[in-house]
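S.K.: Pasting a structure here, questions to come.
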Amino acid sequence: MPDAAELRRQEYVGRINRAIDYVRGNLDGDLRLESIARAASFSPYHFHRIFKSVVGETVNAFVRRHRAQKAAGMLIHSPAMTITEISVACGYSSSSMFAREFRTHFGASASQFRAAGRASLERFRQELADRGHVLQKHHAQRTEMFFRVEVREEPPRRVAYIRHVGNYSEIGQAFSRLARWAGPRGLTQENAHMLAIYHDNPDVTPVEKLRADACITVPEGTKVNRDIGLATLPGGTYAAAYVEIDDTQYGEAWNRLFSDWLPESGYQPDDRPCYELYLNDPRTHPQNKHILEICEPVRPL
């Protein structure tokens, strides 16, 4: 009989399967993120990351792949339908978009694919098999890190912030500016905390559009100016993953929280923002380790 953790994991998988069934049944219909998340009874805010942790690809990649694969099957098995009719049936907004997407997935135009008949399908099946072998080897690689999760109640946090737009790995520039502002104002005391709030999922958002806030906790009444803003992070129940990592392991630490811990935890994410709470200066650590907590808002599954 499955244990409690396995039953909770199965609940996650079952919900994602409902989302997959919804996508497959609505390739020519409403595939907005909110609609797919609703089919799985998950909050849209974190649905991308949950979906990828279970399925292994983003929602957008999954939708694009299934549209192209459905079109490929129809090209071979529905010879009476024109290519334009097939593109409409698979949910493409224009013939030019269909042409680009199909060539991206299959390396040939729709007409070339159709002309080669079943040989096209056989060739693609072999490519999938080869690709799957490579992916299996890739996903098997895991690095060593200290990783521990606890669920706890967090208080609201009043923060001053500078917004960073672009690659998340470059947010250090915003933190440097924030420290130069906070230091002379006496805001970098021992009870102050540095943290980063991430507003966009890097798996689905173009790098140049990623938004994050470099923050420092501040007392009530703090005055800000120019591009430094004030915000209050809501309190409540959070899963806090304490990690000790190298600067290359941030993505893996987030993935461990979502793919390893969350599905068996009995919790699901809610719509409050997630953030990283920094606990040390890596430059002072003997191994230059980054010690932090990844704080993910959760509610019961």
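Scheme for the structure tokens: letters A, B, ... for chains in order shown; per-chain residue numbers from 1; ligand numbers from 1 in order shown.
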Apply DSSP to the backbone of this structure and, from stretch 116-241 of chain A, keep only the residues in alpha helix (DSSP H); write these as a PyMOL selection string.

M.R.: chain A and resi 116+118-139+172-182

S.K.: Could you name the residues that touch A:Ala71 at 9 Å or less, counting only C-alpha atoms, but leaving out those on the same chain fewer than 4 positions away, as a list in words?

M.R.: His66, Arg67, Leu75, Ile76, Ile83, Ile86, Ser87, Ala89, Cys90, Phe102 and Ala110 of chain A

S.K.: Keeping only all heavy atoms, write those residues as a PDB file, in the first residue's frame.

M.R.:
ATOM      1  N   HIS A  66       2.663  19.519 -28.885  1.00  0.00           N
ATOM      2  CA  HIS A  66       1.472  18.726 -29.192  1.00  0.00           C
ATOM      3  C   HIS A  66       0.709  19.268 -30.394  1.00  0.00           C
ATOM      4  O   HIS A  66       0.118  18.493 -31.155  1.00  0.00           O
ATOM      5  CB  HIS A  66       0.579  18.623 -27.958  1.00  0.00           C
ATOM      6  CG  HIS A  66       0.989  17.500 -27.060  1.00  0.00           C
ATOM      7  ND1 HIS A  66       0.461  16.230 -27.156  1.00  0.00           N
ATOM      8  CD2 HIS A  66       1.910  17.455 -26.076  1.00  0.00           C
ATOM      9  CE1 HIS A  66       1.029  15.450 -26.268  1.00  0.00           C
ATOM     10  NE2 HIS A  66       1.916  16.168 -25.591  1.00  0.00           N
ATOM     11  N   ARG A  67       0.713  20.579 -30.582  1.00  0.00           N
ATOM     12  CA  ARG A  67       0.098  21.116 -31.788  1.00  0.00           C
ATOM     13  C   ARG A  67       0.825  20.614 -33.038  1.00  0.00           C
ATOM     14  O   ARG A  67       0.197  20.193 -34.010  1.00  0.00           O
ATOM     15  CB  ARG A  67       0.112  22.651 -31.741  1.00  0.00           C
ATOM     16  CG  ARG A  67      -1.031  23.246 -30.936  1.00  0.00           C
ATOM     17  CD  ARG A  67      -1.016  24.748 -30.999  1.00  0.00           C
ATOM     18  NE  ARG A  67      -2.265  25.284 -30.456  1.00  0.00           N
ATOM     19  CZ  ARG A  67      -2.374  26.398 -29.768  1.00  0.00           C
ATOM     20  NH1 ARG A  67      -1.280  27.129 -29.523  1.00  0.00           N
ATOM     21  NH2 ARG A  67      -3.542  26.814 -29.321  1.00  0.00           N
ATOM     22  N   LEU A  75      -1.437  15.341 -41.270  1.00  0.00           N
ATOM     23  CA  LEU A  75      -0.876  15.435 -42.628  1.00  0.00           C
ATOM     24  C   LEU A  75      -0.774  14.069 -43.287  1.00  0.00           C
ATOM     25  O   LEU A  75      -0.978  13.932 -44.500  1.00  0.00           O
ATOM     26  CB  LEU A  75       0.511  16.086 -42.556  1.00  0.00           C
ATOM     27  CG  LEU A  75       0.554  17.596 -42.317  1.00  0.00           C
ATOM     28  CD1 LEU A  75       1.965  18.033 -41.974  1.00  0.00           C
ATOM     29  CD2 LEU A  75       0.044  18.352 -43.540  1.00  0.00           C
ATOM     30  N   ILE A  76      -0.480  13.055 -42.480  1.00  0.00           N
ATOM     31  CA  ILE A  76      -0.328  11.704 -43.039  1.00  0.00           C
ATOM     32  C   ILE A  76      -1.664  10.970 -43.098  1.00  0.00           C
ATOM     33  O   ILE A  76      -1.983  10.313 -44.093  1.00  0.00           O
ATOM     34  CB  ILE A  76       0.683  10.892 -42.200  1.00  0.00           C
ATOM     35  CG1 ILE A  76       2.015  11.630 -42.109  1.00  0.00           C
ATOM     36  CG2 ILE A  76       0.864   9.492 -42.779  1.00  0.00           C
ATOM     37  CD1 ILE A  76       2.658  11.940 -43.445  1.00  0.00           C
ATOM     38  N   ILE A  83      -3.518  21.724 -46.036  1.00  0.00           N
ATOM     39  CA  ILE A  83      -2.591  22.135 -44.991  1.00  0.00           C
ATOM     40  C   ILE A  83      -3.167  23.301 -44.190  1.00  0.00           C
ATOM     41  O   ILE A  83      -3.016  23.367 -42.960  1.00  0.00           O
ATOM     42  CB  ILE A  83      -1.227  22.492 -45.606  1.00  0.00           C
ATOM     43  CG1 ILE A  83      -0.549  21.215 -46.134  1.00  0.00           C
ATOM     44  CG2 ILE A  83      -0.329  23.186 -44.575  1.00  0.00           C
ATOM     45  CD1 ILE A  83       0.775  21.454 -46.838  1.00  0.00           C
ATOM     46  N   ILE A  86      -5.666  21.983 -41.725  1.00  0.00           N
ATOM     47  CA  ILE A  86      -4.991  21.312 -40.619  1.00  0.00           C
ATOM     48  C   ILE A  86      -4.424  22.333 -39.633  1.00  0.00           C
ATOM     49  O   ILE A  86      -4.525  22.166 -38.405  1.00  0.00           O
ATOM     50  CB  ILE A  86      -3.883  20.384 -41.146  1.00  0.00           C
ATOM     51  CG1 ILE A  86      -4.512  19.174 -41.855  1.00  0.00           C
ATOM     52  CG2 ILE A  86      -2.951  19.925 -40.015  1.00  0.00           C
ATOM     53  CD1 ILE A  86      -3.522  18.297 -42.580  1.00  0.00           C
ATOM     54  N   SER A  87      -3.851  23.402 -40.150  1.00  0.00           N
ATOM     55  CA  SER A  87      -3.282  24.416 -39.261  1.00  0.00           C
ATOM     56  C   SER A  87      -4.362  25.038 -38.383  1.00  0.00           C
ATOM     57  O   SER A  87      -4.142  25.285 -37.187  1.00  0.00           O
ATOM     58  CB  SER A  87      -2.560  25.496 -40.063  1.00  0.00           C
ATOM     59  OG  SER A  87      -3.469  26.322 -40.770  1.00  0.00           O
ATOM     60  N   ALA A  89      -7.239  23.556 -37.512  1.00  0.00           N
ATOM     61  CA  ALA A  89      -7.711  22.512 -36.600  1.00  0.00           C
ATOM     62  C   ALA A  89      -6.754  22.304 -35.424  1.00  0.00           C
ATOM     63  O   ALA A  89      -7.177  21.839 -34.361  1.00  0.00           O
ATOM     64  CB  ALA A  89      -7.897  21.203 -37.355  1.00  0.00           C
ATOM     65  N   CYS A  90      -5.491  22.672 -35.617  1.00  0.00           N
ATOM     66  CA  CYS A  90      -4.501  22.485 -34.554  1.00  0.00           C
ATOM     67  C   CYS A  90      -4.263  23.757 -33.747  1.00  0.00           C
ATOM     68  O   CYS A  90      -3.374  23.786 -32.889  1.00  0.00           O
ATOM     69  CB  CYS A  90      -3.186  21.993 -35.153  1.00  0.00           C
ATOM     70  SG  CYS A  90      -3.312  20.326 -35.853  1.00  0.00           S
ATOM     71  N   PHE A 102       6.083  24.233 -37.546  1.00  0.00           N
ATOM     72  CA  PHE A 102       6.217  22.870 -38.051  1.00  0.00           C
ATOM     73  C   PHE A 102       7.653  22.601 -38.472  1.00  0.00           C
ATOM     74  O   PHE A 102       8.220  21.545 -38.151  1.00  0.00           O
ATOM     75  CB  PHE A 102       5.266  22.635 -39.224  1.00  0.00           C
ATOM     76  CG  PHE A 102       5.105  21.173 -39.567  1.00  0.00           C
ATOM     77  CD1 PHE A 102       4.164  20.397 -38.912  1.00  0.00           C
ATOM     78  CD2 PHE A 102       5.928  20.571 -40.510  1.00  0.00           C
ATOM     79  CE1 PHE A 102       4.034  19.040 -39.207  1.00  0.00           C
ATOM     80  CE2 PHE A 102       5.811  19.227 -40.801  1.00  0.00           C
ATOM     81  CZ  PHE A 102       4.859  18.458 -40.139  1.00  0.00           C
ATOM     82  N   ALA A 110       5.546  21.437 -44.091  1.00  0.00           N
ATOM     83  CA  ALA A 110       4.394  20.534 -43.996  1.00  0.00           C
ATOM     84  C   ALA A 110       4.189  19.771 -45.297  1.00  0.00           C
ATOM     85  O   ALA A 110       3.861  18.577 -45.283  1.00  0.00           O
ATOM     86  CB  ALA A 110       3.142  21.335 -43.639  1.00  0.00           C
TER      87      ALA A 110
END

S.K.: Of the candidates A:Leu279, A:Ile294, A:Ala68, A:Ala4, which one gets nearest to A:Thr104 if we count only C-alpha atoms?

M.R.: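 Among the listed residues, the smallest separation from A:Thr104 belongs to A:Ala68.
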
S.K.: Using only C-alpha atoms, find each residue of stretch 35-74 of chain A with at least one atom at most 8 Å away from an atom of stretch 251-264 of chain A; report its shortest atom-to-atom pair and that distance in Å (one decimal), sort the rows by chain and rising residue number, and return the result as JSON lines.

M.R.:
{"residue": "A:Arg49", "atom": "CA", "partner": "A:Phe258", "partner_atom": "CA", "distance": 7.2}
{"residue": "A:Ile50", "atom": "CA", "partner": "A:Phe258", "partner_atom": "CA", "distance": 6.4}
{"residue": "A:Ser53", "atom": "CA", "partner": "A:Ser259", "partner_atom": "CA", "distance": 4.7}
{"residue": "A:Val54", "atom": "CA", "partner": "A:Ser259", "partner_atom": "CA", "distance": 6.6}

S.K.: Using only C-alpha atoms, please write the residues we just selected to a file, as an mmCIF file, in the first residue's frame.

M.R.:
data_model
loop_
_atom_site.group_PDB
_atom_site.id
_atom_site.type_symbol
_atom_site.label_atom_id
_atom_site.label_comp_id
_atom_site.auth_asym_id
_atom_site.auth_seq_id
_atom_site.Cartn_x
_atom_site.Cartn_y
_atom_site.Cartn_z
ATOM 1 C CA ARG A 49 7.079 25.587 -12.349
ATOM 2 C CA ILE A 50 4.828 22.806 -11.013
ATOM 3 C CA SER A 53 8.698 19.698 -12.350
ATOM 4 C CA VAL A 54 6.264 16.876 -13.156
#

S.K.: Have a look at A:Ser111, A:Ser35, A:Ser93, A:Asn201 and name the one nearest to A:His48; count only C-alpha atoms.

M.R.: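 Smallest distance to A:His48 is found for A:Asn201.
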